[in-house]
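Next comes data.txt, a file with compact mmCIF, C-alpha atoms and all ligand atoms.
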```
# COMPACT_ATOMS: atom_id res chain seq x y z
CA MET A 8 40.89 9.27 -151.73
CA PRO A 9 44.41 10.76 -152.00
CA VAL A 10 44.65 14.17 -153.61
CA THR A 11 46.94 14.17 -156.62
CA THR A 12 48.85 17.38 -157.01
CA ASN A 13 52.40 18.47 -157.35
CA GLU A 14 51.75 21.94 -156.07
CA LEU A 15 51.15 23.29 -152.61
CA VAL A 16 48.63 26.12 -152.62
CA ASP A 17 46.92 27.42 -149.49
CA LYS A 18 43.38 28.67 -149.18
CA PHE A 19 44.48 32.27 -149.81
CA GLY A 20 45.97 31.22 -153.16
CA ARG A 21 49.59 31.45 -151.98
CA ARG A 22 51.89 28.91 -153.61
CA ILE A 23 54.37 27.31 -151.23
CA ASP A 24 57.65 26.57 -152.97
CA TYR A 25 60.12 27.25 -150.18
CA ILE A 26 60.80 25.44 -146.89
CA ARG A 27 63.04 26.20 -143.97
CA LEU A 28 64.19 22.96 -142.51
CA SER A 29 65.63 23.00 -139.03
CA VAL A 30 68.27 20.32 -138.54
CA THR A 31 68.91 20.90 -134.82
CA ASP A 32 67.70 23.01 -131.91
CA ARG A 33 71.24 23.07 -130.48
CA CYS A 34 73.85 25.75 -130.94
CA ASP A 35 77.36 26.66 -129.92
CA PHE A 36 76.20 30.28 -129.32
CA ARG A 37 73.49 31.62 -127.00
CA CYS A 38 72.45 34.88 -128.70
CA VAL A 39 70.45 37.08 -126.32
CA TYR A 40 67.52 37.55 -128.72
CA CYS A 41 67.32 33.85 -129.61
CA MET A 42 68.04 31.79 -126.50
CA THR A 43 68.15 31.92 -122.74
CA GLU A 44 71.51 31.38 -121.05
CA ASP A 45 70.67 27.98 -119.59
CA MET A 46 68.88 26.23 -122.41
CA THR A 47 67.53 22.71 -122.20
CA PHE A 48 67.69 21.03 -125.58
CA LEU A 49 65.56 18.23 -126.97
CA PRO A 50 66.51 14.63 -126.23
CA ARG A 51 67.78 12.69 -129.22
CA SER A 52 64.68 10.48 -129.44
CA GLN A 53 62.50 13.52 -130.10
CA ILE A 54 64.45 14.95 -133.00
CA LEU A 55 64.21 13.72 -136.56
CA SER A 56 67.04 11.48 -137.68
CA LEU A 57 69.06 12.54 -140.74
CA GLU A 58 67.11 9.97 -142.76
CA GLU A 59 63.78 11.38 -141.55
CA LEU A 60 64.91 14.93 -142.41
CA TYR A 61 65.84 13.70 -145.88
CA LEU A 62 62.41 12.08 -146.36
CA VAL A 63 60.66 15.30 -145.34
CA ALA A 64 62.76 17.30 -147.83
CA LYS A 65 62.11 14.71 -150.56
CA ALA A 66 58.35 14.83 -149.94
CA PHE A 67 58.32 18.61 -150.25
CA THR A 68 60.38 18.64 -153.44
CA GLU A 69 58.00 16.08 -154.96
CA LEU A 70 55.24 18.59 -154.10
CA GLY A 71 56.87 21.39 -156.04
CA VAL A 72 59.18 22.94 -153.45
CA LYS A 73 62.14 24.43 -155.31
CA ARG A 74 64.16 25.91 -152.47
CA ILE A 75 65.24 24.62 -149.11
CA ARG A 76 67.01 26.65 -146.47
CA LEU A 77 68.71 24.68 -143.72
CA THR A 78 68.65 26.33 -140.34
CA GLY A 79 68.38 25.62 -136.63
CA GLY A 80 69.77 26.15 -133.96
CA GLU A 81 73.13 26.02 -135.62
CA PRO A 82 73.01 23.55 -138.53
CA MET A 83 76.76 22.93 -138.47
CA VAL A 84 76.74 21.51 -134.92
CA ARG A 85 74.56 18.54 -135.95
CA THR A 86 76.72 15.42 -136.04
CA ASP A 87 77.29 14.23 -139.59
CA VAL A 88 75.17 17.04 -141.06
CA MET A 89 77.36 17.03 -144.21
CA SER A 90 76.02 13.59 -145.17
CA LEU A 91 72.47 15.02 -145.15
CA ILE A 92 73.50 18.14 -147.07
CA GLU A 93 75.16 16.02 -149.76
CA ARG A 94 71.95 14.01 -150.24
CA LEU A 95 69.80 17.14 -150.31
CA GLY A 96 72.09 18.71 -152.88
CA ALA A 97 71.27 15.82 -155.23
CA LEU A 98 67.46 15.96 -154.83
CA PRO A 99 65.73 16.12 -158.21
CA GLY A 100 63.70 19.30 -158.70
CA LEU A 101 65.53 21.28 -156.05
CA GLU A 102 66.78 24.54 -157.57
CA GLU A 103 68.37 26.08 -154.50
CA LEU A 104 69.86 24.66 -151.35
CA ASN A 105 70.66 27.43 -148.90
CA LEU A 106 72.06 27.59 -145.40
CA THR A 107 71.80 30.00 -142.49
CA THR A 108 74.68 29.71 -140.06
CA ASN A 109 76.48 31.60 -137.32
CA GLY A 110 79.63 31.11 -139.39
CA ALA A 111 81.77 29.83 -136.52
CA GLN A 112 82.63 26.60 -138.35
CA LEU A 113 82.65 27.82 -141.92
CA ASP A 114 86.43 27.97 -142.06
CA LYS A 115 86.26 24.17 -141.76
CA PHE A 116 83.15 23.46 -143.87
CA ALA A 117 82.80 26.14 -146.58
CA THR A 118 84.51 24.16 -149.36
CA GLN A 119 82.60 20.96 -148.57
CA LEU A 120 79.30 22.87 -148.45
CA LYS A 121 79.92 24.37 -151.87
CA ALA A 122 80.89 20.97 -153.30
CA ALA A 123 77.70 19.45 -151.82
CA GLY A 124 75.60 21.90 -153.84
CA VAL A 125 74.85 24.67 -151.35
CA ASN A 126 74.00 27.77 -153.39
CA ARG A 127 73.51 30.63 -150.98
CA ILE A 128 74.71 31.17 -147.49
CA ASN A 129 73.54 33.59 -144.79
CA ILE A 130 75.95 34.34 -141.97
CA SER A 131 74.73 36.04 -138.81
CA ILE A 132 76.89 38.79 -137.34
CA ASP A 133 75.60 41.48 -135.01
CA SER A 134 78.78 43.31 -134.03
CA LEU A 135 82.29 43.93 -135.30
CA ASP A 136 83.59 44.59 -131.81
CA ALA A 137 84.93 41.40 -130.23
CA GLU A 138 83.76 42.19 -126.71
CA ARG A 139 80.34 43.26 -127.80
CA PHE A 140 80.04 40.29 -130.14
CA LYS A 141 80.64 38.10 -127.12
CA LYS A 142 78.05 39.97 -125.07
CA ILE A 143 75.37 39.46 -127.72
CA SER A 144 76.21 35.84 -128.57
CA ARG A 145 77.14 35.18 -124.90
CA VAL A 146 79.92 32.78 -125.99
CA GLY A 147 80.86 33.42 -129.64
CA LYS A 148 84.27 34.50 -130.88
CA LEU A 149 84.19 37.26 -133.49
CA GLU A 150 87.47 36.17 -135.10
CA LYS A 151 86.04 32.71 -135.88
CA VAL A 152 83.05 34.25 -137.65
CA ILE A 153 85.23 36.64 -139.65
CA ALA A 154 87.40 33.66 -140.69
CA GLY A 155 84.16 31.86 -141.67
CA ILE A 156 83.04 34.81 -143.82
CA GLU A 157 86.42 34.80 -145.60
CA ALA A 158 86.20 31.04 -146.16
CA ALA A 159 82.72 31.46 -147.66
CA ARG A 160 84.01 34.19 -149.98
CA SER A 161 86.84 31.95 -151.15
CA ALA A 162 84.43 29.07 -151.76
CA ALA A 163 82.47 31.37 -154.12
CA PHE A 164 78.85 30.63 -153.20
CA ASP A 165 76.24 32.12 -155.54
CA ARG A 166 75.45 34.71 -152.90
CA ILE A 167 76.62 35.46 -149.40
CA ARG A 168 74.52 37.57 -147.09
CA LEU A 169 75.21 38.79 -143.59
CA ASN A 170 72.25 38.85 -141.18
CA SER A 171 72.24 41.44 -138.42
CA VAL A 172 69.69 41.99 -135.69
CA ILE A 173 69.97 45.61 -134.52
CA MET A 174 68.89 46.17 -130.93
CA ARG A 175 68.68 49.39 -129.00
CA GLY A 176 71.13 49.34 -126.12
CA TYR A 177 73.25 46.60 -127.72
CA ASN A 178 74.44 47.53 -131.19
CA GLU A 179 72.36 50.31 -132.72
CA ASP A 180 75.57 52.27 -133.36
CA GLU A 181 76.86 49.47 -135.63
CA VAL A 182 74.48 49.91 -138.56
CA ILE A 183 77.10 51.83 -140.55
CA PRO A 184 80.16 49.72 -139.56
CA LEU A 185 78.29 46.51 -140.48
CA THR A 186 77.11 48.02 -143.77
CA ASP A 187 80.63 49.26 -144.60
CA PHE A 188 82.00 45.81 -143.83
CA ALA A 189 79.55 44.09 -146.22
CA LEU A 190 80.16 46.63 -148.98
CA ASP A 191 83.90 46.33 -148.60
CA LYS A 192 83.63 42.57 -149.09
CA ASP A 193 81.12 42.79 -151.99
CA ILE A 194 78.54 40.76 -150.11
CA ASP A 195 74.93 41.50 -149.14
CA ILE A 196 73.64 42.37 -145.72
CA ALA A 197 70.13 42.09 -144.28
CA PHE A 198 68.87 43.80 -141.18
CA ILE A 199 66.31 41.76 -139.26
CA GLU A 200 63.90 43.28 -136.77
CA GLU A 201 63.94 41.46 -133.46
CA MET A 202 60.86 39.30 -133.28
CA PRO A 203 58.87 38.45 -130.15
CA LEU A 204 59.48 34.71 -130.33
CA GLY A 205 59.45 33.51 -126.73
CA GLU A 206 60.71 35.70 -123.88
CA ALA A 207 64.21 37.15 -124.02
CA SER A 208 65.86 36.62 -120.63
CA ASP A 209 68.25 39.61 -120.58
CA HIS A 210 66.02 42.37 -121.88
CA ASN A 211 62.49 43.43 -122.63
CA ARG A 212 62.05 43.12 -126.39
CA GLU A 213 59.74 46.10 -126.61
CA ASP A 214 62.64 48.29 -125.36
CA THR A 215 65.28 46.92 -127.74
CA THR A 216 63.43 46.39 -131.03
CA CYS A 217 64.65 48.86 -133.67
CA SER A 218 62.46 49.43 -136.68
CA ASN A 219 64.01 48.89 -140.08
CA ASP A 220 62.67 52.29 -141.16
CA TRP A 221 65.07 53.75 -138.60
CA VAL A 222 67.95 51.49 -139.78
CA ARG A 223 67.32 52.46 -143.39
CA ASN A 224 67.35 56.18 -142.57
CA VAL A 225 70.70 55.79 -140.82
CA ILE A 226 72.18 54.08 -143.90
CA ALA A 227 70.61 56.62 -146.26
CA GLU A 228 72.53 59.41 -144.52
CA LYS A 229 75.75 57.87 -145.82
CA TYR A 230 74.81 55.94 -148.96
CA GLU A 231 72.58 56.53 -151.94
CA LEU A 232 70.03 53.72 -151.85
CA LEU A 233 68.31 52.70 -155.07
CA ASN A 234 65.07 50.80 -154.86
CA SER A 235 65.64 47.34 -156.21
CA THR A 236 63.02 45.26 -157.92
CA ALA A 237 64.96 42.13 -156.94
CA LYS A 238 62.49 39.61 -155.60
CA THR A 239 63.97 36.71 -153.73
CA ALA A 240 62.45 33.62 -152.20
CA GLY A 241 62.53 35.05 -148.69
CA PRO A 242 60.86 37.95 -146.90
CA SER A 243 63.69 40.48 -147.50
CA ARG A 244 63.01 43.70 -149.33
CA TYR A 245 66.23 44.83 -150.98
CA VAL A 246 67.82 48.12 -151.96
CA GLN A 247 70.90 48.50 -154.11
CA VAL A 248 73.71 50.75 -152.95
CA ALA A 249 74.72 53.14 -155.75
CA GLY A 250 78.12 52.17 -157.14
CA SER A 251 78.33 48.87 -155.24
CA LYS A 252 77.63 45.21 -156.00
CA SER A 253 76.13 44.70 -152.56
CA ARG A 254 72.44 44.78 -151.76
CA ILE A 255 70.95 45.72 -148.45
CA GLY A 256 67.92 43.73 -147.31
CA PHE A 257 65.36 44.64 -144.71
CA ILE A 258 63.41 41.90 -142.99
CA SER A 259 60.73 43.77 -141.12
CA PRO A 260 58.18 41.32 -139.73
CA VAL A 261 57.36 43.60 -136.82
CA THR A 262 56.71 46.90 -138.60
CA HIS A 263 55.66 45.65 -142.03
CA ASN A 264 53.56 42.67 -142.73
CA PHE A 265 54.40 40.90 -145.99
CA CYS A 266 52.21 37.90 -145.25
CA GLU A 267 50.17 38.35 -148.40
CA ASP A 268 52.94 36.91 -150.53
CA CYS A 269 54.25 34.37 -148.06
CA ASN A 270 55.55 31.39 -150.01
CA ARG A 271 57.08 29.33 -147.23
CA VAL A 272 56.58 26.98 -144.33
CA ARG A 273 58.96 25.68 -141.68
CA VAL A 274 59.72 22.23 -140.35
CA THR A 275 61.15 22.09 -136.84
CA VAL A 276 63.70 19.46 -135.90
CA GLU A 277 60.93 17.64 -134.01
CA GLY A 278 59.14 17.24 -137.31
CA ARG A 279 56.51 19.85 -136.58
CA LEU A 280 55.37 21.49 -139.80
CA LEU A 281 54.80 25.13 -138.83
CA LEU A 282 52.54 26.91 -141.25
CA CYS A 283 53.45 30.40 -140.01
CA LEU A 284 56.33 31.94 -138.06
CA GLY A 285 54.00 33.90 -135.82
CA ASN A 286 51.28 31.32 -135.14
CA GLU A 287 51.15 27.89 -133.54
CA HIS A 288 49.24 26.14 -136.38
CA SER A 289 51.17 22.96 -137.10
CA VAL A 290 51.07 19.35 -138.24
CA ASP A 291 53.07 16.54 -136.62
CA LEU A 292 55.08 14.93 -139.43
CA ARG A 293 57.20 12.89 -137.00
CA GLU A 294 54.14 10.89 -135.95
CA ILE A 295 53.57 9.92 -139.57
CA LEU A 296 57.25 9.16 -140.22
CA ARG A 297 57.39 6.84 -137.19
CA ASP A 298 54.07 5.09 -137.71
CA GLY A 299 54.91 1.74 -139.32
CA ALA A 300 51.43 1.61 -140.87
CA LYS A 301 51.97 4.88 -142.74
CA SER A 302 53.79 5.37 -146.02
CA PHE A 303 55.79 8.10 -147.78
CA GLU A 304 52.59 8.85 -149.70
CA ASP A 305 50.78 9.47 -146.37
CA LEU A 306 53.50 11.97 -145.49
CA LYS A 307 52.89 13.82 -148.75
CA GLN A 308 49.11 13.77 -148.21
CA ALA A 309 49.52 15.28 -144.73
CA ILE A 310 51.63 18.08 -146.21
CA ILE A 311 49.02 18.76 -148.89
CA ALA A 312 46.23 18.77 -146.25
CA SER A 313 48.21 21.20 -144.06
CA MET A 314 47.71 23.95 -146.64
CA ASP A 315 44.16 24.37 -145.35
CA ILE A 316 45.36 25.58 -141.95
CA LYS A 317 48.04 28.03 -143.07
CA PRO A 318 47.03 31.28 -141.30
CA GLU A 319 46.49 34.42 -143.31
CA ARG A 320 49.04 36.47 -141.32
CA HIS A 321 50.93 36.88 -138.07
CA TYR A 322 49.99 39.36 -135.30
CA PHE A 323 53.30 40.26 -133.63
CA TYR A 324 52.78 42.61 -130.65
CA ASP A 325 49.01 42.65 -131.20
CA LYS A 326 47.60 42.34 -127.69
CA ASP A 327 44.37 40.82 -129.01
CA HIS A 328 46.26 37.80 -130.34
CA GLU A 329 48.32 35.21 -128.53
CA GLN A 330 52.08 35.56 -129.12
CA PRO A 331 54.26 32.53 -129.98
CA VAL A 332 55.94 30.89 -127.00
CA ARG A 333 58.59 29.16 -129.16
CA LEU A 334 62.08 30.62 -129.14
CA MET A 335 63.73 31.10 -132.54
CA ASN A 336 66.05 28.09 -132.14
CA MET A 337 62.93 25.89 -131.86
CA THR A 338 61.24 27.61 -134.75
CA GLY A 339 64.03 27.44 -137.29
CA GLY A 340 65.12 30.95 -138.33
N1 LIG A 401 72.37 29.64 -136.00
C1 LIG A 401 72.13 30.15 -137.29
C2 LIG A 401 72.34 31.66 -137.32
O1 LIG A 401 72.45 32.27 -136.27
O2 LIG A 401 72.38 32.19 -138.42
C3 LIG A 401 70.77 29.78 -137.86
C4 LIG A 401 69.59 29.86 -136.94
S1 LIG A 401 69.19 31.47 -136.35
C5 LIG A 401 67.76 31.11 -135.38
C6 LIG A 401 68.59 32.25 -137.84
C7 LIG A 401 68.46 33.74 -137.82
O3 LIG A 401 67.46 34.11 -136.91
C8 LIG A 401 69.73 34.47 -137.39
O4 LIG A 401 70.08 35.41 -138.38
C9 LIG A 401 69.33 35.16 -136.12
O5 LIG A 401 69.98 36.40 -136.01
C10 LIG A 401 67.84 35.30 -136.27
N2 LIG A 401 67.09 35.39 -135.02
C11 LIG A 401 67.10 34.57 -133.95
N3 LIG A 401 66.22 34.98 -133.01
C12 LIG A 401 65.61 36.08 -133.50
C13 LIG A 401 64.60 36.95 -133.03
N4 LIG A 401 64.01 36.79 -131.87
N5 LIG A 401 64.23 37.98 -133.83
C14 LIG A 401 64.81 38.16 -135.05
N6 LIG A 401 65.76 37.38 -135.55
C15 LIG A 401 66.17 36.34 -134.78
FE1 LIG A 402 72.56 30.09 -132.18
FE2 LIG A 402 71.78 31.30 -134.38
FE3 LIG A 402 70.25 31.38 -132.18
FE4 LIG A 402 72.54 32.70 -132.21
S1 LIG A 402 70.77 33.07 -133.53
S2 LIG A 402 71.82 31.35 -130.57
S3 LIG A 402 73.81 31.43 -133.46
S4 LIG A 402 70.72 29.61 -133.35
```
Do you think you could lay out the structure here as structure tokens?
Amino acid sequence: MPVTTNELVDKFGRRIDYIRLSVTDRCDFRCVYCMTEDMTFLPRSQILSLEELYLVAKAFTELGVKRIRLTGGEPMVRTDVMSLIERLGALPGLEELNLTTNGAQLDKFATQLKAAGVNRINISIDSLDAERFKKISRVGKLEKVIAGIEAARSAAFDRIRLNSVIMRGYNEDEVIPLTDFALDKDIDIAFIEEMPLGEASDHNREDTTCSNDWVRNVIAEKYELLNSTAKTAGPSRYVQVAGSKSRIGFISPVTHNFCEDCNRVRVTVEGRLLLCLGNEHSVDLREILRDGAKSFEDLKQAIIASMDIKPERHYFYDKDHEQPVRLMNMTGG
């Protein structure tokens, strides 16, 4: 007997109204914390088609999901991704369509993204020094990302946020330059603690991970930080900088656990519905999508049933618990 509901609530009473949908595992960068240098990507047959991605998004919105964030890999490298984004932008019930990108192609796509209904955009940038930027991204060009940030500002998205992963030995001296840069451009910035998702090939994560308490103290030496009550859909905790429009976010999955108010799930580009970033609990939606005997309603029922296996919390760096073997590009950041 199918369950009739238009809400997704897990067994800990958390309401899921936000999904991160990965549209590709591929990327034109190879950031040291996210990928190995010689990545093997998924064959085409294993990844969801644009139509299948659309059906997954539609099923979730019919189950009360109000916000979708597109991610990857790098969403903008997926062939014809704009046609998907345009369809998602028109989904009934969807209040926010957001995108996380490395920014390298935003100079080309920002205006089209805005016209397609993208509300908020996060752009990753870990250094303002061209050589260092290249070392961290292994291949990226800083000037392309800066041009992308400017294009996003001109397109006037509802909000633009920079994402920076601060790592000891790579860029811990850039907390202030990156903050100054965001403030100067009237945009937000979030600092993300490096997470132990798969093994990093160039460093040992336990040596590089910087706590956000440390990052915050560095910023507080220069700026007056006012606690903000702003609550957003994601895991960021924000502070307001006195006298500025910009907010500074801290995403601290390693040192602070905000699992109790987790409102989101992820769908990988293989169609694996991941119930938690730090656990392997998942449901194979691709199998349902490709089974000729199953319907769109079956897809929705599988999503509803998945709520029962959403874990209570993650256990990053807890030796008594298995750590995820997925790299971030497979998880959908
Ligand atoms: N390619 C896009 C980008 O870089 O913004 C979207 C995908 S990327 C996986 C999403 C976010 O995850 C980026 O801000 C990136 O810095 C972050 N990220 C990747 N691997 C991470 C890790 N191991 N720990 C923390 N953040 C990570
Ligand atoms: Fe690509 Fe984003 Fe991962 Fe960097 S963080 S390798 S840009 S997917």
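Candidate residues A:Phe140, A:Tyr245, A:Trp221, A:Phe198 were compared for distance to Arg37 of chain A, and the nearest is A:Phe140, using all atoms listed in the file.
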Can you list every residue of chain A that has an atom at most 10 Å from ligand LIG 402 (chain A), with its nearest atom pair and the distance in Å to one decimal, using all atoms listed in the file, ordered by chain then number, as JSON lines?
```
{"residue": "A:Thr31", "atom": "CA", "partner": "A:LIG402", "partner_atom": "S4", "distance": 9.0}
{"residue": "A:Asp32", "atom": "CA", "partner": "A:LIG402", "partner_atom": "S4", "distance": 7.4}
{"residue": "A:Arg33", "atom": "CA", "partner": "A:LIG402", "partner_atom": "S4", "distance": 7.2}
{"residue": "A:Cys34", "atom": "CA", "partner": "A:LIG402", "partner_atom": "FE1", "distance": 4.7}
{"residue": "A:Asp35", "atom": "CA", "partner": "A:LIG402", "partner_atom": "FE1", "distance": 6.3}
{"residue": "A:Phe36", "atom": "CA", "partner": "A:LIG402", "partner_atom": "FE1", "distance": 4.6}
{"residue": "A:Arg37", "atom": "CA", "partner": "A:LIG402", "partner_atom": "S2", "distance": 4.0}
{"residue": "A:Cys38", "atom": "CA", "partner": "A:LIG402", "partner_atom": "S2", "distance": 4.0}
{"residue": "A:Val39", "atom": "CA", "partner": "A:LIG402", "partner_atom": "S2", "distance": 7.3}
{"residue": "A:Tyr40", "atom": "CA", "partner": "A:LIG402", "partner_atom": "S1", "distance": 7.3}
{"residue": "A:Cys41", "atom": "CA", "partner": "A:LIG402", "partner_atom": "FE3", "distance": 4.6}
{"residue": "A:Met42", "atom": "CA", "partner": "A:LIG402", "partner_atom": "S2", "distance": 5.6}
{"residue": "A:Thr43", "atom": "CA", "partner": "A:LIG402", "partner_atom": "S2", "distance": 8.7}
{"residue": "A:Glu44", "atom": "CA", "partner": "A:LIG402", "partner_atom": "S2", "distance": 9.5}
{"residue": "A:Thr78", "atom": "CA", "partner": "A:LIG402", "partner_atom": "S4", "distance": 8.0}
{"residue": "A:Gly79", "atom": "CA", "partner": "A:LIG402", "partner_atom": "S4", "distance": 5.7}
{"residue": "A:Gly80", "atom": "CA", "partner": "A:LIG402", "partner_atom": "S4", "distance": 3.6}
{"residue": "A:Glu81", "atom": "CA", "partner": "A:LIG402", "partner_atom": "S4", "distance": 4.9}
{"residue": "A:Pro82", "atom": "CA", "partner": "A:LIG402", "partner_atom": "S4", "distance": 8.3}
{"residue": "A:Val84", "atom": "CA", "partner": "A:LIG402", "partner_atom": "FE1", "distance": 9.9}
{"residue": "A:Thr107", "atom": "CA", "partner": "A:LIG402", "partner_atom": "FE2", "distance": 8.2}
{"residue": "A:Thr108", "atom": "CA", "partner": "A:LIG402", "partner_atom": "FE2", "distance": 6.6}
{"residue": "A:Asn109", "atom": "CA", "partner": "A:LIG402", "partner_atom": "S3", "distance": 4.7}
{"residue": "A:Gly110", "atom": "CA", "partner": "A:LIG402", "partner_atom": "S3", "distance": 8.3}
{"residue": "A:Ala111", "atom": "CA", "partner": "A:LIG402", "partner_atom": "S3", "distance": 8.7}
{"residue": "A:Ile130", "atom": "CA", "partner": "A:LIG402", "partner_atom": "FE2", "distance": 9.2}
{"residue": "A:Ser131", "atom": "CA", "partner": "A:LIG402", "partner_atom": "S3", "distance": 7.1}
{"residue": "A:Ile132", "atom": "CA", "partner": "A:LIG402", "partner_atom": "S3", "distance": 8.9}
{"residue": "A:Asp133", "atom": "CA", "partner": "A:LIG402", "partner_atom": "FE4", "distance": 9.7}
{"residue": "A:Ile143", "atom": "CA", "partner": "A:LIG402", "partner_atom": "FE4", "distance": 8.6}
{"residue": "A:Ser144", "atom": "CA", "partner": "A:LIG402", "partner_atom": "FE4", "distance": 6.0}
{"residue": "A:Arg145", "atom": "CA", "partner": "A:LIG402", "partner_atom": "S2", "distance": 8.7}
{"residue": "A:Val146", "atom": "CA", "partner": "A:LIG402", "partner_atom": "S2", "distance": 9.4}
{"residue": "A:Gly147", "atom": "CA", "partner": "A:LIG402", "partner_atom": "S3", "distance": 8.3}
{"residue": "A:Asn170", "atom": "CA", "partner": "A:LIG402", "partner_atom": "S1", "distance": 9.7}
{"residue": "A:Ser171", "atom": "CA", "partner": "A:LIG402", "partner_atom": "S1", "distance": 9.8}
{"residue": "A:Val172", "atom": "CA", "partner": "A:LIG402", "partner_atom": "S1", "distance": 9.2}
{"residue": "A:Leu334", "atom": "CA", "partner": "A:LIG402", "partner_atom": "FE3", "distance": 8.8}
{"residue": "A:Met335", "atom": "CA", "partner": "A:LIG402", "partner_atom": "FE3", "distance": 6.5}
{"residue": "A:Asn336", "atom": "CA", "partner": "A:LIG402", "partner_atom": "S4", "distance": 5.1}
{"residue": "A:Met337", "atom": "CA", "partner": "A:LIG402", "partner_atom": "S4", "distance": 8.8}
{"residue": "A:Thr338", "atom": "CA", "partner": "A:LIG402", "partner_atom": "S4", "distance": 9.8}
{"residue": "A:Gly339", "atom": "CA", "partner": "A:LIG402", "partner_atom": "S4", "distance": 8.1}
{"residue": "A:Gly340", "atom": "CA", "partner": "A:LIG402", "partner_atom": "S4", "distance": 7.6}
```
Q. At what distance in Å, to one decimal, does atom CA of Asn105 of chain A lie from atom CA of Tyr25 of chain A?
A. 10.6 Å
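Excluding Arg271 of chain A itself and any same-chain residue fewer than 6 positions from it, the protein and nucleic acid residues within 8 Å of it, counting all atoms listed in the file, are A:Ile23, A:Asp24, A:Tyr25, A:Ile26, A:Arg27, A:Leu282.
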**Q.** Shortest interatomic distance to Thr262 of chain A - which of A:Asp315, A:Glu201, A:Glu228, A:Asp87, counting all atoms listed in the file
**A.** A:Glu201
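Across A:Val182, A:Val261, A:Ile311, A:Leu190, the tightest approach to Val222 of chain A is made by A:Val182 when counting all atoms listed in the file.
The smallest atom-to-atom distance between Lys192 of chain A and any of A:Asn211, A:Ser90, A:Ser29, A:Ser161, using only C-alpha atoms, is found for A:Ser161.
Put simply, atom CA of Asp305 of chain A is 26.1 Å away from atom CA of Pro50 of chain A.
Closest approach to ligand LIG 401 (chain A) among A:Glu58, A:Glu14, A:Glu206, A:Asp114 is made by A:Glu206 (distances from only C-alpha atoms and all ligand atoms).
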**Q.** Nearby residues (all atoms listed in the file) at most 10 Å from Ala227 of chain A, same-chain spacing under 6 positions excluded, as a list in words
**A.** Ile183, Trp221, Leu233 and Val248 of chain A
(Q) Can you pull out the residues contacting Gly71 of chain A? Cut-off 12 Å, using all atoms listed in the file, and skip same-chain residues under 4 positions away; I want them as a PyMOL selection string. (A) chain A and resi 12-16+22-26+64-67+75+98-102+270-271+307+310-311
With C-alpha atoms retained, could you export that selection as an mmCIF file, keeping the file's coordinate frame?
```cif
data_model
loop_
_atom_site.group_PDB
_atom_site.id
_atom_site.type_symbol
_atom_site.label_atom_id
_atom_site.label_comp_id
_atom_site.auth_asym_id
_atom_site.auth_seq_id
_atom_site.Cartn_x
_atom_site.Cartn_y
_atom_site.Cartn_z
ATOM 1 C CA THR A 12 48.850 17.380 -157.010
ATOM 2 C CA ASN A 13 52.400 18.470 -157.350
ATOM 3 C CA GLU A 14 51.750 21.940 -156.070
ATOM 4 C CA LEU A 15 51.150 23.290 -152.610
ATOM 5 C CA VAL A 16 48.630 26.120 -152.620
ATOM 6 C CA ARG A 22 51.890 28.910 -153.610
ATOM 7 C CA ILE A 23 54.370 27.310 -151.230
ATOM 8 C CA ASP A 24 57.650 26.570 -152.970
ATOM 9 C CA TYR A 25 60.120 27.250 -150.180
ATOM 10 C CA ILE A 26 60.800 25.440 -146.890
ATOM 11 C CA ALA A 64 62.760 17.300 -147.830
ATOM 12 C CA LYS A 65 62.110 14.710 -150.560
ATOM 13 C CA ALA A 66 58.350 14.830 -149.940
ATOM 14 C CA PHE A 67 58.320 18.610 -150.250
ATOM 15 C CA ILE A 75 65.240 24.620 -149.110
ATOM 16 C CA LEU A 98 67.460 15.960 -154.830
ATOM 17 C CA PRO A 99 65.730 16.120 -158.210
ATOM 18 C CA GLY A 100 63.700 19.300 -158.700
ATOM 19 C CA LEU A 101 65.530 21.280 -156.050
ATOM 20 C CA GLU A 102 66.780 24.540 -157.570
ATOM 21 C CA ASN A 270 55.550 31.390 -150.010
ATOM 22 C CA ARG A 271 57.080 29.330 -147.230
ATOM 23 C CA LYS A 307 52.890 13.820 -148.750
ATOM 24 C CA ILE A 310 51.630 18.080 -146.210
ATOM 25 C CA ILE A 311 49.020 18.760 -148.890
#
```
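You can rank A:Arg76, A:Arg297, A:His288, A:Arg94 by their closest distance to ligand LIG 401 (chain A) using all atoms listed in the file, and at the top of that list sits A:Arg76.
One finds atom CA of Cys266 of chain A at 22.1 Å from atom CA of Ile173 of chain A.
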For the point (85.8, 50.5, -133.9) in the file's frame, write as an mmCIF file with C-alpha atoms, in the frame of the given file all residues with an atom no more than 12 Å away, counting all atoms listed in the file.
```
data_model
loop_
_atom_site.group_PDB
_atom_site.id
_atom_site.type_symbol
_atom_site.label_atom_id
_atom_site.label_comp_id
_atom_site.auth_asym_id
_atom_site.auth_seq_id
_atom_site.Cartn_x
_atom_site.Cartn_y
_atom_site.Cartn_z
ATOM 1 C CA SER A 134 78.780 43.310 -134.030
ATOM 2 C CA LEU A 135 82.290 43.930 -135.300
ATOM 3 C CA ASP A 136 83.590 44.590 -131.810
ATOM 4 C CA ALA A 137 84.930 41.400 -130.230
ATOM 5 C CA GLU A 138 83.760 42.190 -126.710
ATOM 6 C CA ARG A 139 80.340 43.260 -127.800
ATOM 7 C CA ASP A 180 75.570 52.270 -133.360
ATOM 8 C CA GLU A 181 76.860 49.470 -135.630
ATOM 9 C CA ILE A 183 77.100 51.830 -140.550
ATOM 10 C CA PRO A 184 80.160 49.720 -139.560
ATOM 11 C CA LEU A 185 78.290 46.510 -140.480
ATOM 12 C CA ASP A 187 80.630 49.260 -144.600
ATOM 13 C CA PHE A 188 82.000 45.810 -143.830
#
```
